[in-house]
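Here is the structure we will look at.
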Amino acid sequence: MDPHDETTGALFSLQPWGEEDMVGRTKDLVLNPYDGVDWERVQSHQAALHLHTLQSDGYQPVAEVVGAYRRAGFTVISITDHDWNRPNARVLWKELPPEAGSPYPAEPYPPGFPANPTWPWTDYGCPSPEELGVIGIQGNELTFRHHINSFFCDYGVWYERTGKGAPYGGIVDAQGREVWEDDQIQAIGQRGGLATINHPGISDEHAWWERKPLDWYVERFANHPAECLVGMEVSNCETRFQEYDEGLWDQLLARFMPARPIWGFGADDMHKLHEARQSFNILFLGEPTAAAVREAMLTGRFCFCSSTKGVNYQAERAERCLFPKLREVQVDPMRGTITVRADDCGEVRWIAAPASLEPVADFRTSDRPWPLGHVVQVGETLNYRTTPGIGSYVRAELVRQEGGHTQRTFLNPFGFADL
Ligand SMILES: [Zn+2]
Ligand SMILES: [Zn+2]
């Protein structure tokens with residue numbers, strides 16, 4: 001496939017949503033991430049898949065981070081420390097006193113130091129996931145290029161910095177070969193790991209970050225199979241970039257669905273337990289195992305949640321918001337309906353592709369550079385054959401307003417083909 005289609009600049013032939021409404025055309029649901037979920041028996045697991053500790057630039061030790069999230073009800077936890085920070089970066093930067101530093105890893109340093117994934121937790125003074133009764137997932141945040149999380153593998157090593165390609169700083173491997181995101185994602189795949197693309201919207205005001213154009217994301221998702229690059233963060237630590245990430249997600253879904261799903265993830269990207277955001281995932285698992293987590297991440301069998309309100313996970317009882325809870329997704333292929341049943345939900349919004357795939361502002365300076373996906377229906381049932389405006393996908397958001405804050409639970413996208 002050529003990702004540089006001259007006429008549209010997009011990977012697949014695009015069908016602006018208006019053209020989908022012609023009388024006589026019939027739509028078929030060809031991709032349902034919740035297909036096969038036994039809603040009577042399935043277990044809902046809260047998953048924190050992007051956390052930092054003293055082992056990179058976080059502020060708390062591994063045991064404290066894992067303990068706090070476990071206390072707050074999380075049963076799936078991945079520590080994803082940066083692969084570029086030495087342990088105790090905050091001590092090094094004089095933001096924490098030396099006595100607050102982590103003594104791990106103990107000498108002699110293991111191979112790969114200082115860029116070891118924080119795994120297994122027992123090497124870092126934390127009980128094992130089994131002892132704690134949680135599902136621990138090996139993780140790492142690749143940081144020298146666009147930030148990418150790797151899961152279920154040890155990829156993430158200390159490269160030689162070249163200083164090229166600022167502001168990220170270039171990196172080369174042991175053979176002196178420049179290493180790019182494609183090399184990194186490929187290496188994760190070769191090791192049997194899963195990858196997500198992190199926080200696209202973080203602004204260029206950080207010296208270590210540079211936003212990428214939409215085409216960059218199109219190329220990554222075109223170049224790498226969904227079996228490895230499973231999706232992207234649509235909600236990360238800073239609320240002000242929420243629309244940027246959501247807009248990008250819809251732009252990509254409009255180009256790739258239903259052939260190539262891009263699952264959305266929520267991450268609070270926690271560095272300080274006392275200043276976390278409420279952004280996380282709810283995985284629907286048949287059994288409480290790492291293998292089931294992997295399967296859910298591959299198939300999109302999860303939701304992600306995002307609040308505009310922060311939380312202090314260091315508190316004895318973290319005051320978390322009440323989020324809408326997905327209870328069931330029912331599909332009636334004869335009628336052409338999808339019904340979502342949820343608790344604690346004020347409103348179900350169905351969102352389809354943006355009306356336009358053209359940017360509306362400069363992605364470097366605007367926090368809303370693309371038209372957002374548009375609401376085609378409000379209410380728990382959607383008829384995807386008769387509702388105008390649905391193209392190749394639709395996704396649902398469960399919304400709850402409380403105390404001046406908005407809690408949203410995002411479903412992963414459903415994909416359609418025209419019969
Ligand atoms: Zn990051
Ligand atoms: Zn991070």
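Each chain in the structure tokens gets a letter, A, B, ..., in the order shown, and its residues are numbered from 1; ligands are numbered from 1 in order too.
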
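By only C-alpha atoms, and with residues fewer than 3 positions from Glu40 (chain A) along its chain excluded, the set lying at most 10 Å from it is Val37, Gln43, Arg327 and Glu328 of chain A.
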
Output file for the selection above: N, CA, C and O atoms, as a JSON list (two decimals), in the first residue's frame:
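Result saved to again.json:
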```json
[["chain", "number", "residue", "atom", "x", "y", "z"],
["A", 37, "VAL", "N", -17.82, -10.93, 23.94],
["A", 37, "VAL", "CA", -17.75, -10.71, 25.39],
["A", 37, "VAL", "C", -19.00, -11.32, 26.04],
["A", 37, "VAL", "O", -20.12, -11.05, 25.61],
["A", 43, "GLN", "N", -14.99, -10.08, 33.56],
["A", 43, "GLN", "CA", -14.46, -9.28, 34.67],
["A", 43, "GLN", "C", -13.98, -7.93, 34.13],
["A", 43, "GLN", "O", -13.26, -7.89, 33.15],
["A", 327, "ARG", "N", -21.90, -1.78, 30.76],
["A", 327, "ARG", "CA", -22.41, -3.05, 31.25],
["A", 327, "ARG", "C", -22.62, -4.07, 30.14],
["A", 327, "ARG", "O", -22.56, -5.26, 30.36],
["A", 328, "GLU", "N", -22.91, -3.55, 28.95],
["A", 328, "GLU", "CA", -23.23, -4.48, 27.86],
["A", 328, "GLU", "C", -23.25, -3.74, 26.53],
["A", 328, "GLU", "O", -23.64, -2.58, 26.47]]
```

Contact table chain A vs ligand 2, cut-off 8 Å, shortest pair per residue, only C-alpha atoms and all ligand atoms, as CSV:
```
residue,atom,partner,partner_atom_place_in_ligand_line,distance
A:His50,CA,ligand 2,1 (Zn),6.1
A:Leu51,CA,ligand 2,1 (Zn),6.5
A:His52,CA,ligand 2,1 (Zn),6.5
A:Thr80,CA,ligand 2,1 (Zn),6.9
A:Asp81,CA,ligand 2,1 (Zn),7.0
A:His82,CA,ligand 2,1 (Zn),6.8
A:Glu141,CA,ligand 2,1 (Zn),6.3
A:His147,CA,ligand 2,1 (Zn),7.7
A:Asn198,CA,ligand 2,1 (Zn),7.9
A:Asp269,CA,ligand 2,1 (Zn),4.8
A:Met270,CA,ligand 2,1 (Zn),7.1
A:His271,CA,ligand 2,1 (Zn),7.6
```

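Contact shell of Ala100 (chain A) at 12 Å (only C-alpha atoms; same-chain neighbours under 3 positions omitted): Thr53, Leu54, Gln55, Gly58, Tyr59, Gln60, Pro61, Pro87, Asn88, Ala89, Arg90, Val91, Leu92, Lys94, Glu95, Leu96, Pro97 and Pro103 of chain A.
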
Export of prior selection with N, CA, C and O atoms as a PDB file, in the first residue's frame:
```
ATOM      1  N   THR A  53       8.274   5.996  37.987  1.00  0.00           N
ATOM      2  CA  THR A  53       8.745   5.847  39.369  1.00  0.00           C
ATOM      3  C   THR A  53      10.123   6.491  39.496  1.00  0.00           C
ATOM      4  O   THR A  53      10.655   7.053  38.526  1.00  0.00           O
ATOM      5  N   LEU A  54      10.714   6.377  40.661  1.00  0.00           N
ATOM      6  CA  LEU A  54      12.078   6.871  40.883  1.00  0.00           C
ATOM      7  C   LEU A  54      13.081   6.234  39.919  1.00  0.00           C
ATOM      8  O   LEU A  54      14.186   6.747  39.759  1.00  0.00           O
ATOM      9  N   GLN A  55      12.694   5.119  39.302  1.00  0.00           N
ATOM     10  CA  GLN A  55      13.644   4.446  38.404  1.00  0.00           C
ATOM     11  C   GLN A  55      13.856   5.233  37.110  1.00  0.00           C
ATOM     12  O   GLN A  55      14.751   4.938  36.343  1.00  0.00           O
ATOM     13  N   GLY A  58      10.101   9.715  37.787  1.00  0.00           N
ATOM     14  CA  GLY A  58       9.004   9.804  38.735  1.00  0.00           C
ATOM     15  C   GLY A  58       9.509  10.212  40.108  1.00  0.00           C
ATOM     16  O   GLY A  58      10.719  10.342  40.327  1.00  0.00           O
ATOM     17  N   TYR A  59       8.571  10.416  41.025  1.00  0.00           N
ATOM     18  CA  TYR A  59       8.920  10.939  42.349  1.00  0.00           C
ATOM     19  C   TYR A  59       8.807   9.910  43.467  1.00  0.00           C
ATOM     20  O   TYR A  59       9.144  10.205  44.605  1.00  0.00           O
ATOM     21  N   GLN A  60       8.245   8.726  43.162  1.00  0.00           N
ATOM     22  CA  GLN A  60       8.039   7.745  44.225  1.00  0.00           C
ATOM     23  C   GLN A  60       8.607   6.383  43.846  1.00  0.00           C
ATOM     24  O   GLN A  60       8.714   6.060  42.658  1.00  0.00           O
ATOM     25  N   PRO A  61       8.956   5.581  44.868  1.00  0.00           N
ATOM     26  CA  PRO A  61       9.492   4.245  44.575  1.00  0.00           C
ATOM     27  C   PRO A  61       8.426   3.321  43.976  1.00  0.00           C
ATOM     28  O   PRO A  61       7.221   3.552  44.127  1.00  0.00           O
ATOM     29  N   PRO A  87      18.142   6.052  36.966  1.00  0.00           N
ATOM     30  CA  PRO A  87      17.345   6.077  38.197  1.00  0.00           C
ATOM     31  C   PRO A  87      17.618   7.371  38.959  1.00  0.00           C
ATOM     32  O   PRO A  87      18.701   7.961  38.858  1.00  0.00           O
ATOM     33  N   ASN A  88      16.624   7.826  39.687  1.00  0.00           N
ATOM     34  CA  ASN A  88      16.772   9.001  40.555  1.00  0.00           C
ATOM     35  C   ASN A  88      17.041  10.294  39.786  1.00  0.00           C
ATOM     36  O   ASN A  88      17.806  11.145  40.235  1.00  0.00           O
ATOM     37  N   ALA A  89      16.400  10.447  38.653  1.00  0.00           N
ATOM     38  CA  ALA A  89      16.560  11.690  37.885  1.00  0.00           C
ATOM     39  C   ALA A  89      16.181  12.906  38.732  1.00  0.00           C
ATOM     40  O   ALA A  89      16.825  13.950  38.655  1.00  0.00           O
ATOM     41  N   ARG A  90      15.143  12.773  39.546  1.00  0.00           N
ATOM     42  CA  ARG A  90      14.700  13.929  40.347  1.00  0.00           C
ATOM     43  C   ARG A  90      15.709  14.297  41.432  1.00  0.00           C
ATOM     44  O   ARG A  90      15.747  15.439  41.870  1.00  0.00           O
ATOM     45  N   VAL A  91      16.473  13.302  41.883  1.00  0.00           N
ATOM     46  CA  VAL A  91      17.546  13.595  42.842  1.00  0.00           C
ATOM     47  C   VAL A  91      18.672  14.309  42.104  1.00  0.00           C
ATOM     48  O   VAL A  91      19.190  15.337  42.551  1.00  0.00           O
ATOM     49  N   LEU A  92      18.999  13.759  40.943  1.00  0.00           N
ATOM     50  CA  LEU A  92      20.044  14.349  40.098  1.00  0.00           C
ATOM     51  C   LEU A  92      19.724  15.805  39.765  1.00  0.00           C
ATOM     52  O   LEU A  92      20.596  16.672  39.748  1.00  0.00           O
ATOM     53  N   LYS A  94      18.022  17.736  41.569  1.00  0.00           N
ATOM     54  CA  LYS A  94      17.889  18.450  42.855  1.00  0.00           C
ATOM     55  C   LYS A  94      16.430  18.811  43.187  1.00  0.00           C
ATOM     56  O   LYS A  94      16.157  19.799  43.876  1.00  0.00           O
ATOM     57  N   GLU A  95      15.504  18.018  42.682  1.00  0.00           N
ATOM     58  CA  GLU A  95      14.097  18.224  43.045  1.00  0.00           C
ATOM     59  C   GLU A  95      13.714  17.339  44.221  1.00  0.00           C
ATOM     60  O   GLU A  95      12.653  17.520  44.821  1.00  0.00           O
ATOM     61  N   LEU A  96      14.523  16.329  44.499  1.00  0.00           N
ATOM     62  CA  LEU A  96      14.320  15.469  45.664  1.00  0.00           C
ATOM     63  C   LEU A  96      15.652  15.368  46.391  1.00  0.00           C
ATOM     64  O   LEU A  96      16.713  15.363  45.746  1.00  0.00           O
ATOM     65  N   PRO A  97      15.607  15.256  47.723  1.00  0.00           N
ATOM     66  CA  PRO A  97      16.860  15.098  48.467  1.00  0.00           C
ATOM     67  C   PRO A  97      17.444  13.696  48.234  1.00  0.00           C
ATOM     68  O   PRO A  97      16.694  12.762  47.929  1.00  0.00           O
ATOM     69  N   PRO A 103      17.527   2.973  45.938  1.00  0.00           N
ATOM     70  CA  PRO A 103      18.813   2.267  45.940  1.00  0.00           C
ATOM     71  C   PRO A 103      18.918   1.231  44.808  1.00  0.00           C
ATOM     72  O   PRO A 103      19.933   0.543  44.711  1.00  0.00           O
TER      73      PRO A 103
END
```

Query raised in the report: Thr26 (chain A): which residues within 12 Å, counting only C-alpha atoms, same-chain residues fewer than 3 positions away excluded, as JSON, numbers by chain?
Result: {"A": [20, 21, 22, 23, 29, 333, 334, 335, 336, 383, 384, 385, 386, 387, 390, 391, 416, 417, 418, 419]}

Taking N, CA, C and O atoms for each residue, export the selection above as a short mmCIF file (atom, residue, chain, number, x, y, z; two decimals), in the first residue's frame.
```cif
data_model
loop_
_atom_site.label_atom_id
_atom_site.label_comp_id
_atom_site.auth_asym_id
_atom_site.auth_seq_id
_atom_site.Cartn_x
_atom_site.Cartn_y
_atom_site.Cartn_z
N GLU A 20 -22.35 8.85 2.34
CA GLU A 20 -22.76 7.55 2.83
C GLU A 20 -24.27 7.41 2.97
O GLU A 20 -24.78 6.34 3.23
N ASP A 21 -24.97 8.52 2.85
CA ASP A 21 -26.38 8.50 3.21
C ASP A 21 -27.31 8.25 2.02
O ASP A 21 -28.50 8.40 2.12
N MET A 22 -26.74 7.87 0.91
CA MET A 22 -27.58 7.69 -0.27
C MET A 22 -28.57 6.55 -0.05
O MET A 22 -28.22 5.50 0.49
N VAL A 23 -29.77 6.79 -0.47
CA VAL A 23 -30.83 5.80 -0.28
C VAL A 23 -30.45 4.51 -1.00
O VAL A 23 -29.89 4.53 -2.09
N LEU A 29 -21.98 -4.18 9.90
CA LEU A 29 -21.00 -4.04 10.98
C LEU A 29 -19.94 -5.13 10.79
O LEU A 29 -20.24 -6.32 10.89
N PRO A 333 -27.90 -7.40 14.11
CA PRO A 333 -27.50 -7.19 12.72
C PRO A 333 -28.69 -7.10 11.76
O PRO A 333 -28.58 -6.50 10.69
N MET A 334 -29.82 -7.67 12.14
CA MET A 334 -31.00 -7.59 11.28
C MET A 334 -31.53 -6.16 11.23
O MET A 334 -31.77 -5.60 10.17
N ARG A 335 -31.69 -5.59 12.41
CA ARG A 335 -32.19 -4.21 12.49
C ARG A 335 -31.10 -3.20 12.15
O ARG A 335 -31.38 -2.06 11.79
N GLY A 336 -29.86 -3.61 12.36
CA GLY A 336 -28.75 -2.67 12.16
C GLY A 336 -28.57 -1.75 13.35
O GLY A 336 -28.36 -0.55 13.19
N ASN A 383 -28.95 3.18 15.31
CA ASN A 383 -29.21 2.41 14.09
C ASN A 383 -28.21 2.88 13.03
O ASN A 383 -28.30 3.99 12.54
N TYR A 384 -27.27 2.01 12.74
CA TYR A 384 -26.18 2.44 11.84
C TYR A 384 -26.59 2.40 10.37
O TYR A 384 -25.84 2.85 9.51
N ARG A 385 -27.76 1.87 10.07
CA ARG A 385 -28.23 1.89 8.68
C ARG A 385 -29.05 3.14 8.38
O ARG A 385 -29.03 3.64 7.26
N THR A 386 -29.76 3.59 9.39
CA THR A 386 -30.68 4.71 9.12
C THR A 386 -30.17 6.05 9.64
O THR A 386 -30.71 7.10 9.28
N THR A 387 -29.18 6.01 10.53
CA THR A 387 -28.69 7.29 11.07
C THR A 387 -27.78 7.96 10.05
O THR A 387 -26.80 7.36 9.60
N ILE A 390 -22.94 8.40 9.11
CA ILE A 390 -21.98 7.38 9.55
C ILE A 390 -21.20 6.87 8.35
O ILE A 390 -21.76 6.43 7.35
N GLY A 391 -19.89 6.94 8.43
CA GLY A 391 -19.03 6.44 7.36
C GLY A 391 -18.50 5.07 7.70
O GLY A 391 -19.25 4.12 7.88
N PHE A 416 -17.52 -0.35 9.82
CA PHE A 416 -18.59 -0.71 8.88
C PHE A 416 -18.05 -0.86 7.46
O PHE A 416 -17.07 -0.21 7.08
N ALA A 417 -18.74 -1.70 6.71
CA ALA A 417 -18.50 -1.77 5.27
C ALA A 417 -19.84 -1.66 4.58
O ALA A 417 -20.88 -2.03 5.14
N ASP A 418 -19.81 -1.13 3.37
CA ASP A 418 -21.04 -1.02 2.61
C ASP A 418 -21.28 -2.31 1.84
O ASP A 418 -20.36 -2.83 1.22
N LEU A 419 -22.51 -2.79 1.94
CA LEU A 419 -22.84 -4.03 1.22
C LEU A 419 -23.01 -3.78 -0.26
O LEU A 419 -23.43 -2.70 -0.65
#
```

**Report entry** Distance query region 187-197 of chain A at most 9 Å, only C-alpha atoms, self and fewer than 3 positions along chain excluded, as a VMD selection string
**Finding:** chain A and resid 146 to 156 182 to 184 200 217 224 to 225 227 to 233 263 265 294 297 to 298

Just-selected residues, C-alpha atoms written as a JSON list (two decimals), in the first residue's frame:
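Printed below is out-v9.json as written:
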```json
[["chain", "number", "residue", "atom", "x", "y", "z"],
["A", 146, "HIS", "CA", 8.35, 10.17, 19.64],
["A", 147, "HIS", "CA", 7.32, 8.60, 22.93],
["A", 148, "ILE", "CA", 6.15, 5.04, 22.44],
["A", 149, "ASN", "CA", 5.18, 2.54, 25.11],
["A", 150, "SER", "CA", 6.32, -1.05, 24.80],
["A", 151, "PHE", "CA", 4.47, -3.78, 26.68],
["A", 152, "PHE", "CA", 5.17, -7.46, 27.26],
["A", 153, "CYS", "CA", 8.82, -7.15, 26.22],
["A", 154, "ASP", "CA", 12.12, -5.74, 27.42],
["A", 155, "TYR", "CA", 12.72, -3.42, 24.49],
["A", 156, "GLY", "CA", 14.06, -0.09, 25.54],
["A", 182, "ASP", "CA", 10.01, 2.43, 12.85],
["A", 183, "ASP", "CA", 13.08, 0.52, 14.04],
["A", 184, "GLN", "CA", 11.83, 0.67, 17.59],
["A", 200, "PRO", "CA", 0.68, 13.24, 20.50],
["A", 217, "TYR", "CA", 0.94, 9.08, 12.29],
["A", 224, "HIS", "CA", 3.21, -1.49, 11.28],
["A", 225, "PRO", "CA", 0.67, -4.26, 11.77],
["A", 227, "GLU", "CA", -0.76, -7.09, 15.92],
["A", 228, "CYS", "CA", 2.12, -4.97, 17.23],
["A", 229, "LEU", "CA", 1.20, -1.27, 17.08],
["A", 230, "VAL", "CA", -2.19, -1.61, 18.71],
["A", 231, "GLY", "CA", -3.15, 2.02, 19.14],
["A", 232, "MET", "CA", -2.51, 5.41, 20.62],
["A", 233, "GLU", "CA", -3.12, 7.37, 23.78],
["A", 263, "TRP", "CA", -7.47, 1.37, 19.70],
["A", 265, "PHE", "CA", -5.94, 4.29, 25.40],
["A", 294, "ARG", "CA", -2.67, -8.86, 26.00],
["A", 297, "MET", "CA", -5.21, -4.81, 24.10],
["A", 298, "LEU", "CA", -5.02, -6.57, 20.73]]
```

Query - Spatial neighbours of region 395-412 of chain A, max dist 7 Å, only C-alpha atoms, sep filter under 4 positions, as a list of chain:residue names - result: A:Pro33, A:Trp263, A:Gly264, A:Gly300, A:Cys303, A:Phe304, A:Cys305, A:Ser306, A:Ser307, A:Thr308, A:Lys309, A:Phe323, A:Pro324, A:Cys345, A:Gly346, A:Glu347, A:Val348, A:Arg349, A:Trp350, A:Ile351, A:Ala352

Write to file, as a short mmCIF file (atom, residue, chain, number, x, y, z; two decimals), in the first residue's frame, the residues of the selection just made, with all heavy atoms.
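Contents of again-v1.cif, freshly written:
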```cif
data_model
loop_
_atom_site.label_atom_id
_atom_site.label_comp_id
_atom_site.auth_asym_id
_atom_site.auth_seq_id
_atom_site.Cartn_x
_atom_site.Cartn_y
_atom_site.Cartn_z
N PRO A 33 -15.31 -4.51 18.51
CA PRO A 33 -14.29 -4.93 19.48
C PRO A 33 -14.86 -5.70 20.66
O PRO A 33 -14.13 -6.42 21.33
CB PRO A 33 -13.67 -3.60 19.94
CG PRO A 33 -14.62 -2.53 19.55
CD PRO A 33 -15.38 -3.05 18.37
N TRP A 263 -6.76 1.32 18.42
CA TRP A 263 -7.47 1.37 19.70
C TRP A 263 -7.01 2.59 20.50
O TRP A 263 -5.83 2.96 20.48
CB TRP A 263 -7.24 0.09 20.50
CG TRP A 263 -7.55 -1.17 19.74
CD1 TRP A 263 -6.74 -2.25 19.59
CD2 TRP A 263 -8.76 -1.50 19.02
NE1 TRP A 263 -7.35 -3.23 18.84
CE2 TRP A 263 -8.59 -2.79 18.47
CE3 TRP A 263 -9.97 -0.83 18.78
CZ2 TRP A 263 -9.59 -3.41 17.69
CZ3 TRP A 263 -10.95 -1.46 18.01
CH2 TRP A 263 -10.76 -2.72 17.47
N GLY A 264 -7.95 3.17 21.21
CA GLY A 264 -7.65 4.35 22.02
C GLY A 264 -7.35 3.96 23.46
O GLY A 264 -8.02 3.09 24.02
N GLY A 300 -9.07 -4.71 21.26
CA GLY A 300 -9.83 -3.51 21.58
C GLY A 300 -10.94 -3.75 22.58
O GLY A 300 -11.84 -2.91 22.73
N CYS A 303 -12.43 -0.19 27.39
CA CYS A 303 -12.82 1.22 27.28
C CYS A 303 -11.69 2.03 27.90
O CYS A 303 -10.85 1.50 28.60
CB CYS A 303 -14.06 1.52 28.11
SG CYS A 303 -15.51 0.60 27.66
N PHE A 304 -11.68 3.32 27.66
CA PHE A 304 -10.81 4.16 28.47
C PHE A 304 -11.61 5.31 29.05
O PHE A 304 -12.61 5.74 28.48
CB PHE A 304 -9.56 4.63 27.72
CG PHE A 304 -9.81 5.54 26.55
CD1 PHE A 304 -9.76 6.92 26.69
CD2 PHE A 304 -10.07 5.01 25.30
CE1 PHE A 304 -9.96 7.76 25.61
CE2 PHE A 304 -10.28 5.84 24.21
CZ PHE A 304 -10.23 7.22 24.35
N CYS A 305 -11.17 5.76 30.22
CA CYS A 305 -11.90 6.76 30.98
C CYS A 305 -11.04 8.00 31.14
O CYS A 305 -9.82 7.92 31.22
CB CYS A 305 -12.24 6.23 32.37
SG CYS A 305 -13.34 4.80 32.33
N SER A 306 -11.70 9.14 31.18
CA SER A 306 -10.97 10.39 31.30
C SER A 306 -11.83 11.40 32.04
O SER A 306 -13.02 11.57 31.75
CB SER A 306 -10.64 10.89 29.88
OG SER A 306 -10.05 12.16 29.95
N SER A 307 -11.23 12.06 33.02
CA SER A 307 -11.92 13.10 33.76
C SER A 307 -11.15 14.40 33.65
O SER A 307 -9.93 14.39 33.46
CB SER A 307 -12.05 12.71 35.24
OG SER A 307 -12.56 13.81 35.98
N THR A 308 -11.85 15.50 33.80
CA THR A 308 -11.17 16.79 33.84
C THR A 308 -10.64 17.06 35.25
O THR A 308 -9.97 18.06 35.48
CB THR A 308 -12.14 17.91 33.45
OG1 THR A 308 -13.33 17.79 34.24
CG2 THR A 308 -12.51 17.83 31.98
N LYS A 309 -10.94 16.17 36.19
CA LYS A 309 -10.54 16.37 37.59
C LYS A 309 -9.33 15.50 37.93
O LYS A 309 -9.29 14.32 37.57
CB LYS A 309 -11.72 16.02 38.50
CG LYS A 309 -11.52 16.45 39.94
CD LYS A 309 -12.75 16.12 40.76
CE LYS A 309 -12.53 16.57 42.21
NZ LYS A 309 -13.55 16.03 43.10
N PHE A 323 -17.26 7.19 37.28
CA PHE A 323 -17.27 7.16 35.82
C PHE A 323 -18.43 6.29 35.32
O PHE A 323 -18.80 5.31 35.97
CB PHE A 323 -15.97 6.57 35.29
CG PHE A 323 -14.80 7.51 35.40
CD1 PHE A 323 -14.04 7.56 36.56
CD2 PHE A 323 -14.46 8.34 34.34
CE1 PHE A 323 -12.97 8.42 36.67
CE2 PHE A 323 -13.39 9.20 34.45
CZ PHE A 323 -12.64 9.25 35.61
N PRO A 324 -18.97 6.64 34.17
CA PRO A 324 -19.97 5.75 33.56
C PRO A 324 -19.36 4.36 33.35
O PRO A 324 -18.21 4.25 32.95
CB PRO A 324 -20.28 6.42 32.22
CG PRO A 324 -19.87 7.85 32.39
CD PRO A 324 -18.72 7.83 33.35
N CYS A 345 -24.47 6.75 34.02
CA CYS A 345 -24.20 7.42 32.75
C CYS A 345 -25.29 8.46 32.49
O CYS A 345 -26.49 8.15 32.53
CB CYS A 345 -24.19 6.38 31.63
SG CYS A 345 -23.90 7.10 30.01
N GLY A 346 -24.89 9.70 32.24
CA GLY A 346 -25.86 10.75 31.94
C GLY A 346 -26.32 10.71 30.50
O GLY A 346 -27.47 10.96 30.19
N GLU A 347 -25.39 10.38 29.60
CA GLU A 347 -25.70 10.48 28.18
C GLU A 347 -24.77 9.57 27.39
O GLU A 347 -23.59 9.47 27.71
CB GLU A 347 -25.48 11.94 27.74
CG GLU A 347 -25.96 12.27 26.35
CD GLU A 347 -25.85 13.78 26.11
OE1 GLU A 347 -26.81 14.51 26.44
OE2 GLU A 347 -24.80 14.22 25.61
N VAL A 348 -25.32 8.92 26.36
CA VAL A 348 -24.49 8.16 25.42
C VAL A 348 -24.41 8.95 24.13
O VAL A 348 -25.44 9.29 23.54
CB VAL A 348 -25.08 6.76 25.13
CG1 VAL A 348 -24.20 5.99 24.16
CG2 VAL A 348 -25.28 5.97 26.42
N ARG A 349 -23.19 9.28 23.71
CA ARG A 349 -23.00 10.00 22.45
C ARG A 349 -22.33 9.08 21.45
O ARG A 349 -21.33 8.44 21.76
CB ARG A 349 -22.08 11.22 22.66
CG ARG A 349 -22.69 12.30 23.50
CD ARG A 349 -21.69 13.45 23.64
NE ARG A 349 -22.12 14.33 24.72
CZ ARG A 349 -21.31 15.11 25.42
NH1 ARG A 349 -20.01 15.15 25.13
NH2 ARG A 349 -21.76 15.86 26.39
N TRP A 350 -22.89 9.07 20.24
CA TRP A 350 -22.31 8.29 19.15
C TRP A 350 -21.58 9.25 18.22
O TRP A 350 -22.16 10.24 17.76
CB TRP A 350 -23.39 7.53 18.40
CG TRP A 350 -24.08 6.52 19.27
CD1 TRP A 350 -25.18 6.72 20.05
CD2 TRP A 350 -23.69 5.16 19.48
NE1 TRP A 350 -25.51 5.57 20.73
CE2 TRP A 350 -24.61 4.58 20.39
CE3 TRP A 350 -22.66 4.35 18.98
CZ2 TRP A 350 -24.54 3.26 20.82
CZ3 TRP A 350 -22.57 3.03 19.40
CH2 TRP A 350 -23.51 2.50 20.30
N ILE A 351 -20.32 8.94 17.95
CA ILE A 351 -19.48 9.87 17.21
C ILE A 351 -18.93 9.20 15.96
O ILE A 351 -18.39 8.10 16.02
CB ILE A 351 -18.34 10.37 18.12
CG1 ILE A 351 -18.96 11.23 19.23
CG2 ILE A 351 -17.28 11.16 17.34
CD1 ILE A 351 -18.08 11.51 20.38
N ALA A 352 -19.09 9.87 14.83
CA ALA A 352 -18.60 9.36 13.55
C ALA A 352 -17.49 10.28 13.03
O ALA A 352 -17.11 11.25 13.69
CB ALA A 352 -19.74 9.26 12.55
#
```

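Taking CA of Gly247 (chain A) and CA of Leu372 (chain A) as the two end points, the separation is 4.7 Å.
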
Query - Backbone DSSP call of helix (DSSP H, G or I) for region 68-295 of chain A, listed as a PyMOL selection string - result: chain A and resi 68-71+89-92+98-100+121-124+129-132+181-190+214-223+239-256+273-275+290-295

Query raised in the report: Using only C-alpha atoms and all ligand atoms, which of A:Asn85, A:Thr75, A:Thr118, A:Thr289 sits nearest ligand 1?
Result: A:Asn85

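Using only C-alpha atoms, the smallest distance between any of A:Glu316, A:Asp83, A:Asp250, A:Glu99 and Asp57 (chain A) comes from A:Asp83.
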
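Using only C-alpha atoms, the nearest neighbour of Leu283 (chain A) within the list A:Thr299, A:Thr122, A:Ser44, A:Gln138 is A:Ser44.
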
Query raised in the report: Ala267 (chain A): which residues within 7 Å, counting only C-alpha atoms, same-chain residues fewer than 3 positions away excluded, as a count of residues only?
Result: 9

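The space between CA of Ala47 (chain A) and CA of Pro110 (chain A) spans 28.8 Å.
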
Requested in this report: Using DSSP on the backbone coordinates, identify the residues of region 29-259 of chain A assigned to strand (DSSP E or B); present them as a count of residues only.
Outcome: 45

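Nearest residue to ligand 1 among A:Phe363, A:Trp93, A:Phe144, A:Trp121 is A:Phe144, counting only C-alpha atoms and all ligand atoms.
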
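Between ligand 1 and the residues A:Arg240, A:Arg317, A:Arg260, A:Arg145, the shortest atom-to-atom distance, using only C-alpha atoms and all ligand atoms, involves A:Arg145.
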
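Taking CA of Pro359 (chain A) and CA of Ala254 (chain A) as the two end points, the separation is 13.5 Å.
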